[in-house]
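A.B. asks: Just one file: data34.csv, with CSV, C-alpha atoms.
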```
chain,number,residue,atom,x,y,z
R,5,MET,CA,108.9,116.9,-195.9
R,6,LYS,CA,111.6,118.7,-193.9
R,7,THR,CA,110.7,119.4,-190.3
R,8,ARG,CA,112.7,120.8,-187.3
R,9,ALA,CA,112.8,117.5,-185.4
R,10,THR,CA,115.2,115.3,-183.6
R,11,ASN,CA,116.2,111.9,-184.9
R,12,SER,CA,113.4,110.4,-182.8
R,13,GLY,CA,110.9,112.7,-184.4
R,14,TYR,CA,110.5,115.1,-181.5
R,15,LEU,CA,109.4,118.5,-182.9
R,16,ILE,CA,112.0,120.9,-181.4
R,17,GLN,CA,110.3,124.2,-181.6
R,18,LEU,CA,107.0,123.2,-180.1
R,19,ASP,CA,108.3,123.3,-176.5
R,20,GLY,CA,109.1,126.9,-177.1
R,21,LEU,CA,105.5,127.5,-178.2
R,22,ARG,CA,104.3,125.8,-175.1
R,23,PHE,CA,106.3,128.4,-173.1
R,24,VAL,CA,104.7,131.2,-175.2
R,25,ALA,CA,101.2,129.8,-174.4
R,26,VAL,CA,101.7,129.6,-170.7
R,27,ALA,CA,103.4,133.1,-170.7
R,28,LEU,CA,100.3,134.6,-172.3
R,29,VAL,CA,98.1,133.0,-169.6
R,30,LEU,CA,100.4,134.3,-166.8
R,31,VAL,CA,100.4,137.8,-168.2
R,32,ASP,CA,96.6,137.8,-168.5
R,33,HIS,CA,96.0,136.5,-165.0
R,34,TRP,CA,98.6,138.5,-163.1
R,35,LEU,CA,98.0,141.8,-164.8
R,36,ALA,CA,94.2,141.5,-164.8
R,37,GLU,CA,93.9,144.9,-163.1
R,38,PHE,CA,95.4,146.7,-166.1
R,39,ASN,CA,95.3,144.3,-169.0
R,40,VAL,CA,92.5,144.7,-171.6
R,41,VAL,CA,94.0,142.4,-174.3
R,42,PRO,CA,92.7,138.7,-174.1
R,43,TYR,CA,96.2,137.2,-173.9
R,44,GLY,CA,94.9,134.4,-171.6
R,45,PRO,CA,92.3,133.0,-174.0
R,46,LEU,CA,94.8,133.2,-176.8
R,47,GLY,CA,97.3,131.2,-174.7
R,48,VAL,CA,94.7,128.5,-173.9
R,49,THR,CA,93.7,128.3,-177.5
R,50,LEU,CA,97.3,127.8,-178.5
R,51,PHE,CA,97.4,124.9,-176.0
R,52,PHE,CA,94.2,123.4,-177.5
R,53,VAL,CA,95.4,123.6,-181.1
R,54,LEU,CA,98.8,122.1,-180.1
R,55,SER,CA,97.0,119.3,-178.3
R,56,GLY,CA,94.7,118.6,-181.3
R,57,PHE,CA,97.8,118.5,-183.6
R,58,LEU,CA,100.0,116.3,-181.4
R,59,ILE,CA,97.3,113.9,-180.2
R,60,THR,CA,95.9,113.4,-183.7
R,61,ARG,CA,99.4,112.7,-185.0
R,62,ILE,CA,100.1,110.2,-182.2
R,63,LEU,CA,96.7,108.4,-182.7
R,64,MET,CA,96.9,108.3,-186.5
R,65,VAL,CA,100.3,106.6,-186.4
R,66,SER,CA,99.2,104.2,-183.6
R,67,ARG,CA,96.0,103.3,-185.5
R,68,GLU,CA,98.0,102.3,-188.6
R,69,LYS,CA,100.2,100.0,-186.4
R,70,ASN,CA,97.3,98.3,-184.7
R,71,ILE,CA,94.3,98.4,-187.0
R,72,ASP,CA,95.0,95.1,-188.7
R,73,GLN,CA,96.2,93.2,-185.6
R,74,GLU,CA,94.0,91.0,-183.4
R,75,GLY,CA,93.1,93.0,-180.3
R,76,GLY,CA,94.6,96.0,-182.0
R,77,MET,CA,92.0,98.5,-180.7
R,78,GLY,CA,92.6,97.4,-177.1
R,79,LYS,CA,96.3,97.8,-177.5
R,80,TYR,CA,95.9,101.2,-179.2
R,81,LEU,CA,93.6,102.5,-176.4
R,82,ARG,CA,95.6,101.0,-173.6
R,83,LYS,CA,98.8,102.7,-174.8
R,84,PHE,CA,97.2,106.0,-175.3
R,85,PHE,CA,95.3,106.2,-171.9
R,86,ILE,CA,98.3,104.9,-169.9
R,87,ARG,CA,100.6,107.5,-171.4
R,88,ARG,CA,98.1,110.3,-170.9
R,89,THR,CA,97.4,109.1,-167.3
R,90,LEU,CA,101.1,109.0,-166.4
R,91,ARG,CA,101.6,112.5,-167.8
R,92,ILE,CA,98.6,114.3,-166.5
R,93,PHE,CA,97.1,112.8,-163.4
R,94,PRO,CA,99.9,112.7,-160.8
R,95,ILE,CA,100.4,116.4,-160.1
R,96,TYR,CA,96.8,117.3,-160.8
R,97,TYR,CA,95.5,114.9,-158.1
R,98,LEU,CA,98.4,115.8,-155.8
R,99,THR,CA,97.4,119.5,-156.1
R,100,VAL,CA,93.7,118.7,-155.5
R,101,ALA,CA,94.7,116.6,-152.4
R,102,ILE,CA,96.8,119.4,-151.0
R,103,LEU,CA,94.1,122.0,-151.6
R,104,PHE,CA,91.5,119.7,-150.0
R,105,ALA,CA,93.8,119.2,-146.9
R,106,LEU,CA,94.3,122.9,-146.6
R,107,ASN,CA,90.6,123.5,-147.1
R,108,VAL,CA,91.2,126.0,-149.9
R,109,PRO,CA,87.8,127.1,-151.1
R,110,PRO,CA,85.9,125.8,-153.0
R,111,VAL,CA,87.7,122.5,-153.3
R,112,ARG,CA,86.0,120.6,-150.5
R,113,ASP,CA,82.5,121.8,-151.7
R,114,THR,CA,83.3,120.7,-155.2
R,115,ILE,CA,85.6,117.8,-154.7
R,116,GLY,CA,83.6,115.4,-156.9
R,117,TRP,CA,83.8,117.8,-159.8
R,118,CYS,CA,87.5,118.2,-159.3
R,119,LEU,CA,88.2,114.5,-159.1
R,120,LEU,CA,86.2,113.8,-162.2
R,121,TYR,CA,87.9,116.5,-164.3
R,122,ALA,CA,84.5,118.2,-164.6
R,123,THR,CA,85.1,121.7,-163.2
R,124,ASN,CA,84.2,123.2,-166.6
R,125,ILE,CA,80.8,121.4,-166.4
R,126,TYR,CA,80.3,122.8,-162.9
R,127,ILE,CA,81.0,126.3,-164.2
R,128,ALA,CA,78.8,125.9,-167.2
R,129,PHE,CA,75.8,124.6,-165.2
R,130,ASN,CA,76.1,127.1,-162.3
R,131,GLN,CA,77.3,129.9,-164.6
R,132,HIS,CA,79.8,131.2,-162.2
R,133,TRP,CA,83.6,130.7,-161.6
R,134,MET,CA,85.3,128.7,-158.9
R,135,GLY,CA,87.8,131.1,-157.4
R,136,VAL,CA,91.4,130.0,-157.2
R,137,ILE,CA,90.7,126.8,-159.2
R,138,ASP,CA,89.1,128.7,-162.1
R,139,HIS,CA,91.9,127.6,-164.4
R,140,PHE,CA,91.1,123.9,-163.9
R,141,TRP,CA,88.4,124.3,-166.5
R,142,SER,CA,90.9,124.0,-169.4
R,143,LEU,CA,92.4,120.9,-168.0
R,144,ALA,CA,88.9,119.4,-167.8
R,145,VAL,CA,88.3,120.3,-171.4
R,146,GLU,CA,91.5,118.5,-172.5
R,147,GLU,CA,90.7,115.4,-170.5
R,148,GLN,CA,87.1,115.2,-171.9
R,149,PHE,CA,88.6,115.5,-175.4
R,150,TYR,CA,91.0,112.7,-174.7
R,151,ILE,CA,88.1,110.4,-173.6
R,152,PHE,CA,86.2,110.4,-176.9
R,153,PHE,CA,88.8,111.4,-179.5
R,154,PRO,CA,90.8,108.1,-179.6
R,155,PHE,CA,87.6,106.2,-180.5
R,156,LEU,CA,86.9,108.7,-183.3
R,157,ILE,CA,90.4,108.3,-184.8
R,158,PHE,CA,90.3,104.5,-184.6
R,159,LEU,CA,86.7,103.8,-185.7
R,160,VAL,CA,86.1,106.4,-188.4
R,161,PRO,CA,87.3,105.1,-191.8
R,162,ARG,CA,90.3,106.9,-193.2
R,163,LYS,CA,88.3,108.5,-196.0
R,164,TRP,CA,85.9,110.1,-193.5
R,165,LEU,CA,88.5,111.5,-191.1
R,166,VAL,CA,88.8,114.9,-192.7
R,167,THR,CA,85.1,115.2,-192.9
R,168,SER,CA,84.8,114.4,-189.2
R,169,LEU,CA,87.5,116.9,-188.2
R,170,VAL,CA,85.9,119.6,-190.3
R,171,SER,CA,82.5,118.8,-188.7
R,172,MET,CA,84.1,119.3,-185.3
R,173,VAL,CA,85.1,122.8,-186.3
R,174,VAL,CA,81.7,123.7,-187.8
R,175,LEU,CA,79.8,122.2,-184.9
R,176,SER,CA,81.8,124.0,-182.3
R,177,VAL,CA,81.3,127.4,-183.9
R,178,ALA,CA,77.6,126.7,-184.5
R,179,LEU,CA,77.1,125.7,-180.8
R,180,ARG,CA,78.8,128.9,-179.6
R,181,LEU,CA,76.5,130.9,-181.9
R,182,TYR,CA,73.4,129.1,-180.6
R,183,PHE,CA,74.2,129.5,-177.0
R,184,TYR,CA,75.1,133.2,-177.5
R,185,LEU,CA,71.8,133.9,-179.3
R,186,ALA,CA,69.9,131.9,-176.6
R,187,GLY,CA,71.2,134.3,-174.0
R,188,TYR,CA,73.4,132.0,-171.9
R,189,GLU,CA,76.2,133.5,-169.8
R,190,TRP,CA,79.4,133.9,-171.8
R,191,MET,CA,81.3,131.4,-169.7
R,192,VAL,CA,79.1,128.6,-170.9
R,193,ASN,CA,80.5,129.1,-174.4
R,194,TYR,CA,84.0,129.6,-173.0
R,195,VAL,CA,84.5,126.5,-170.9
R,196,SER,CA,82.3,123.8,-172.4
R,197,MET,CA,84.3,121.1,-174.2
R,198,PRO,CA,82.1,120.9,-177.4
R,199,MET,CA,82.5,124.7,-177.8
R,200,CYS,CA,86.3,124.2,-177.9
R,201,LEU,CA,86.3,121.6,-180.6
R,202,ASP,CA,87.2,124.0,-183.4
R,203,SER,CA,90.7,124.4,-181.8
R,204,PHE,CA,91.2,120.7,-181.5
R,205,GLY,CA,89.7,120.1,-184.9
R,206,LEU,CA,92.0,122.5,-186.7
R,207,GLY,CA,95.0,120.9,-184.9
R,208,GLY,CA,93.7,117.5,-186.1
R,209,LEU,CA,93.5,118.7,-189.7
R,210,MET,CA,97.1,119.9,-189.5
R,211,ALA,CA,98.2,116.5,-188.3
R,212,TRP,CA,96.3,114.8,-191.1
R,213,LEU,CA,97.9,117.2,-193.6
R,214,GLN,CA,101.4,116.5,-192.2
R,215,LEU,CA,101.0,112.8,-192.3
R,216,ARG,CA,98.9,112.3,-195.4
R,217,ARG,CA,99.7,115.3,-197.6
R,218,PRO,CA,103.1,116.5,-196.5
R,219,GLU,CA,103.8,118.5,-199.6
R,220,LEU,CA,100.6,120.5,-199.2
R,221,PHE,CA,101.4,121.0,-195.4
R,222,THR,CA,104.7,122.5,-196.4
R,223,LYS,CA,103.1,124.7,-199.1
R,224,ILE,CA,100.6,126.1,-196.7
R,225,PHE,CA,102.8,126.6,-193.6
R,226,ILE,CA,106.2,127.5,-195.0
R,227,ASN,CA,105.3,131.1,-195.7
R,228,PRO,CA,105.3,133.2,-192.5
R,229,ILE,CA,103.0,135.8,-194.2
R,230,TRP,CA,100.1,133.6,-193.1
R,231,ILE,CA,101.1,134.1,-189.4
R,232,LEU,CA,100.9,137.8,-189.9
R,233,VAL,CA,97.5,137.5,-191.7
R,234,GLY,CA,96.2,135.3,-188.8
R,235,LEU,CA,97.6,137.8,-186.2
R,236,GLY,CA,96.0,140.7,-188.0
R,237,ALA,CA,92.6,138.8,-188.2
R,238,TRP,CA,92.8,138.2,-184.4
R,239,VAL,CA,93.7,141.8,-183.7
R,240,LEU,CA,90.7,142.9,-185.8
R,241,VAL,CA,88.4,140.6,-183.8
R,242,VAL,CA,89.7,142.0,-180.5
R,243,VAL,CA,89.2,145.6,-181.8
R,244,TRP,CA,85.7,144.6,-182.9
R,245,SER,CA,84.9,143.1,-179.5
R,246,LYS,CA,86.2,146.2,-177.7
R,247,SER,CA,84.1,148.5,-179.8
R,248,GLN,CA,80.9,146.8,-178.6
R,249,VAL,CA,78.8,148.2,-175.8
R,250,GLU,CA,78.4,144.8,-174.1
R,251,LEU,CA,81.6,143.5,-172.6
R,252,HIS,CA,80.8,140.0,-173.8
R,253,ASN,CA,79.5,140.0,-177.4
R,254,ILE,CA,79.4,138.0,-180.6
R,255,ALA,CA,83.0,138.8,-181.4
R,256,ASN,CA,84.6,137.3,-178.3
R,257,ASP,CA,81.8,134.8,-177.5
R,258,VAL,CA,81.6,133.2,-181.0
R,259,VAL,CA,84.2,134.4,-183.4
R,260,ASP,CA,87.4,134.9,-181.3
R,261,ARG,CA,88.2,131.2,-180.6
R,262,PHE,CA,87.9,130.2,-184.3
R,263,VAL,CA,90.1,133.1,-185.5
R,264,SER,CA,92.7,132.7,-182.8
R,265,SER,CA,92.7,129.0,-183.6
R,266,VAL,CA,93.6,129.7,-187.2
R,267,PHE,CA,96.3,132.1,-186.1
R,268,CYS,CA,97.7,129.5,-183.7
R,269,ALA,CA,97.6,126.8,-186.4
R,270,PHE,CA,99.8,128.9,-188.7
R,271,LEU,CA,102.1,129.5,-185.9
R,272,ILE,CA,102.4,125.8,-185.0
R,273,GLY,CA,102.7,124.8,-188.7
R,274,LYS,CA,105.6,127.1,-189.2
R,275,ALA,CA,107.3,125.9,-186.0
R,276,VAL,CA,106.9,122.3,-187.2
R,277,LEU,CA,108.7,123.2,-190.4
R,278,GLY,CA,111.1,125.4,-188.4
R,279,PHE,CA,111.3,129.1,-187.9
R,280,GLY,CA,114.5,130.8,-188.8
R,281,GLY,CA,116.2,134.0,-187.4
R,282,PHE,CA,115.1,135.4,-184.1
R,283,MET,CA,112.1,133.0,-183.7
R,284,LYS,CA,114.4,130.0,-184.2
R,285,TRP,CA,116.7,131.3,-181.5
R,286,PHE,CA,113.8,132.0,-179.2
R,287,LEU,CA,111.9,128.8,-179.6
R,288,GLU,CA,115.0,126.6,-179.5
R,289,ASN,CA,116.8,128.5,-176.7
R,290,PRO,CA,117.5,126.1,-173.8
R,291,VAL,CA,115.6,128.4,-171.4
R,292,SER,CA,112.5,128.6,-173.6
R,293,ASN,CA,112.7,124.9,-174.3
R,294,TYR,CA,112.9,124.0,-170.6
R,295,LEU,CA,110.1,126.3,-169.6
R,296,GLY,CA,108.0,124.7,-172.3
R,297,LYS,CA,108.7,121.3,-170.9
R,298,ILE,CA,107.5,122.4,-167.5
R,299,SER,CA,104.6,124.5,-168.8
R,300,TYR,CA,102.0,122.1,-167.5
R,301,GLY,CA,103.2,122.6,-163.9
R,302,MET,CA,103.5,126.3,-164.4
R,303,TYR,CA,99.9,126.5,-165.6
R,304,LEU,CA,98.6,124.3,-162.8
R,305,TYR,CA,100.4,126.1,-160.0
R,306,HIS,CA,100.4,129.8,-161.2
R,307,ASN,CA,97.0,130.7,-159.6
R,308,PHE,CA,98.2,129.5,-156.2
R,309,VAL,CA,101.3,131.7,-156.4
R,310,TYR,CA,99.2,134.7,-157.2
R,311,ASN,CA,95.8,135.6,-158.6
R,312,HIS,CA,94.7,139.2,-158.9
R,313,PHE,CA,91.1,138.4,-157.9
R,314,HIS,CA,91.5,135.8,-155.2
R,315,THR,CA,94.9,136.2,-153.5
R,316,GLN,CA,94.4,137.6,-150.0
R,317,PRO,CA,96.9,140.2,-148.5
R,318,ASN,CA,98.1,137.6,-145.9
R,319,HIS,CA,98.9,135.0,-148.6
R,320,PRO,CA,102.4,133.5,-148.1
R,321,THR,CA,103.5,134.7,-151.5
R,322,LEU,CA,102.5,138.3,-150.8
R,323,ARG,CA,104.1,138.2,-147.4
R,324,LEU,CA,107.3,137.0,-149.0
R,325,LEU,CA,107.1,139.7,-151.7
R,326,ASN,CA,106.6,142.4,-149.0
R,327,LYS,CA,109.7,141.0,-147.2
R,328,PHE,CA,111.8,141.3,-150.3
R,329,GLN,CA,110.5,144.8,-151.0
R,330,SER,CA,111.3,145.9,-147.4
R,331,TRP,CA,114.9,144.9,-148.1
R,332,ALA,CA,114.9,146.9,-151.4
R,333,PRO,CA,112.4,149.8,-150.9
R,334,GLU,CA,113.1,151.2,-154.4
R,335,LEU,CA,111.5,148.0,-155.8
R,336,ALA,CA,108.3,148.4,-153.7
R,337,GLY,CA,105.2,148.6,-155.8
R,338,THR,CA,107.2,148.0,-159.1
R,339,MET,CA,105.1,146.0,-161.4
R,340,VAL,CA,108.1,144.5,-163.3
R,341,PHE,CA,109.7,143.3,-160.1
R,342,GLN,CA,106.4,141.8,-158.9
R,343,MET,CA,105.9,139.9,-162.2
R,344,ILE,CA,109.5,138.6,-162.1
R,345,PHE,CA,109.0,137.5,-158.5
R,346,PHE,CA,105.7,135.6,-159.3
R,347,PHE,CA,107.3,134.1,-162.4
R,348,LEU,CA,110.4,132.9,-160.6
R,349,LEU,CA,108.3,131.3,-157.9
R,350,THR,CA,106.0,129.6,-160.4
R,351,ALA,CA,108.8,128.4,-162.5
R,352,GLY,CA,110.7,127.2,-159.4
R,353,LEU,CA,107.7,125.2,-158.2
R,354,ALA,CA,107.1,123.7,-161.7
R,355,ALA,CA,110.8,122.8,-162.0
R,356,LEU,CA,110.8,121.0,-158.7
R,357,SER,CA,107.6,119.3,-159.7
R,358,TRP,CA,109.1,118.2,-163.1
R,359,GLN,CA,112.3,117.0,-161.6
R,360,PHE,CA,111.0,115.0,-158.6
R,361,ILE,CA,107.4,114.0,-159.7
R,362,GLU,CA,106.6,114.4,-163.3
R,363,LYS,CA,109.8,113.3,-165.0
R,364,PRO,CA,110.3,110.1,-163.0
R,365,ILE,CA,106.7,109.1,-163.5
R,366,ASN,CA,106.8,110.1,-167.2
R,367,ASN,CA,109.7,107.8,-167.7
R,368,LEU,CA,107.5,104.9,-166.9
R,369,LYS,CA,105.6,105.4,-170.1
R,370,ASP,CA,107.9,103.2,-172.2
R,371,ARG,CA,107.7,100.4,-169.6
R,372,TYR,CA,103.9,100.2,-169.3
R,373,ALA,CA,102.7,101.6,-172.6
R,374,ARG,CA,104.9,100.2,-175.4
```
Using structure tokens, write down the structure that the file contains.

C.D. replies:
Amino acid sequence: MKTRATNSGYLIQLDGLRFVAVALVLVDHWLAEFNVVPYGPLGVTLFFVLSGFLITRILMVSREKNIDQEGGMGKYLRKFFIRRTLRIFPIYYLTVAILFALNVPPVRDTIGWCLLYATNIYIAFNQHWMGVIDHFWSLAVEEQFYIFFPFLIFLVPRKWLVTSLVSMVVLSVALRLYFYLAGYEWMVNYVSMPMCLDSFGLGGLMAWLQLRRPELFTKIFINPIWILVGLGAWVLVVVWSKSQVELHNIANDVVDRFVSSVFCAFLIGKAVLGFGGFMKWFLENPVSNYLGKISYGMYLYHNFVYNHFHTQPNHPTLRLLNKFQSWAPELAGTMVFQMIFFFLLTAGLAALSWQFIEKPINNLKDRYAR
């Protein structure tokens, strides 16, 4: 099967998709006053499906190398958890420590939840958001997925893996329907890890197809028409949702994540095989590629640069923005300028974080997790 990959197997266009995912979240959060399209949830779903695909792919290959070796499971788990820890923990816990030291609400009051990657559980149980650290919920979902999924891949017999992944998808949709009909707040469905498993499960099924049925993978994902079909289905769900009297309804509470996951799966599958034309240029462009590499930092930091609901007028970012606008009055109040300003600050922070913290620590993976 032909893929757009480097000699080492790195899938070239997926970093570009990571940039697309984080850009969707930034647009949604920074333009919350005007925006009515759920770009943010779509961006998060793209991250989840990508994670499901890449993590399943890594674990399936690692399982085959270790399954028949003495102590193979321990080696398999040790390698996975060390690599994930080195990639994810350092800047997350550094951010939590800085927020705690600066007494940024509600970090001190919820520090245990933050340290345990359980902010999504806090939100679900209390049925309210957490201010400037709202976005930590998706990082918590990913970490909770990482805890159980390696065991599933290693312990489930090969012949039952597809059934297990399909069951994850079905269970997730069924749980969202149950909690919707039971009258829970919409955020319970949105942030709870089990209710996100259809995204991860679909990504996992893609990985299984690519590794076990490569010809079928190519047959399914080579035709870009399915991306348009998936996009059209997502647009229909959004229109259906907006046509309802209730702001949160069965369309966006139950159906949206599944349909958007299918759309994202077609997008990812085509990127694995390789887009041509403009999309190839965009996804492989050095700028898009680099922004995709630093997308974790961009996601983690963006709410602290600016958040429409929580950033106070005396926030350093807004004071700096006002200073720039005083030097160029014609730009004052211009939405485009403000978005570019916030984006450059966020990307700059993420670039520094990548260069001086994440990349050096990430390079330790090969030393400690071979």

A.B. asks: Could you check the closest approach to Gln148 in chain R for each of R:Phe225, R:Ala27, R:Met197, R:Gly301 and tell me which residue wins, using only C-alpha atoms?

C.D. replies: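 Answer, going by the shortest atom-to-atom distance: R:Met197.
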
A.B. asks: Per residue of range 22-57 of chain R within 8 Å of range 267-283 of chain R, what are the shortest atom pair and its distance in Å to one decimal, counting only C-alpha atoms, with rows by chain and residue number, as a tab-separated table?

C.D. replies:
```
residue	atom	partner	partner_atom	distance
R:Thr49	CA	R:Cys268	CA	7.5
R:Leu50	CA	R:Cys268	CA	5.5
R:Val53	CA	R:Ala269	CA	6.6
R:Leu54	CA	R:Ile272	CA	7.1
```

A.B. asks: Which of these residues is nearest to Tyr300 in chain R, using all atoms listed in the file: R:Phe347, R:Trp358, R:Trp285, R:Phe129?

C.D. replies: R:Trp358

A.B. asks: As an exercise, work out the distance from CA of Asp260 in chain R to CA of Val241 in chain R in Å and give it to one decimal place.

C.D. replies: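 Rounded to one decimal, the two atoms are 6.3 Å apart.
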
A.B. asks: Go through R:Val108, R:Leu356, R:Ile157, R:Leu35 and flag the residue nearest Ser66 in chain R, using only C-alpha atoms for the distances.

C.D. replies: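 Nearest to Ser66 in chain R: R:Ile157.
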
A.B. asks: Return the single residue from R:Leu15, R:Ala355, R:Val41, R:Ala25 that is closest to Lys246 in chain R, with distances computed using only C-alpha atoms.

C.D. replies: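 Among R:Leu15, R:Ala355, R:Val41, R:Ala25, it is R:Val41 that comes nearest to Lys246 in chain R.
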
A.B. asks: So the first atom is CA of Ile254 in chain R and the second is CA of Met172 in chain R; what is the distance between them in Å, to one decimal place?

C.D. replies: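 We find that CA of Ile254 in chain R and CA of Met172 in chain R lie 19.8 Å from each other.
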
A.B. asks: Find the spatial neighbours of range 119-122 of chain R, counting all atoms listed in the file, within a cut-off of 8 Å - ignore same-chain residues fewer than 6 positions away - and output them as a tab-separated table (two decimals) with C-alpha atoms, in the coordinates of the input.

C.D. replies:
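Saved result, around_8.tsv, follows:
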```tsv
chain	number	residue	atom	x	y	z
R	97	TYR	CA	95.50	114.90	-158.10
R	100	VAL	CA	93.70	118.70	-155.50
R	141	TRP	CA	88.40	124.30	-166.50
R	143	LEU	CA	92.40	120.90	-168.00
R	144	ALA	CA	88.90	119.40	-167.80
R	147	GLU	CA	90.70	115.40	-170.50
R	148	GLN	CA	87.10	115.20	-171.90
```

A.B. asks: Which residue, R:Asn124, R:Ser168, R:Thr338, R:Gln131, has the smallest gap to Phe153 in chain R when you use only C-alpha atoms?

C.D. replies: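 The closest residue to Phe153 in chain R is R:Ser168.
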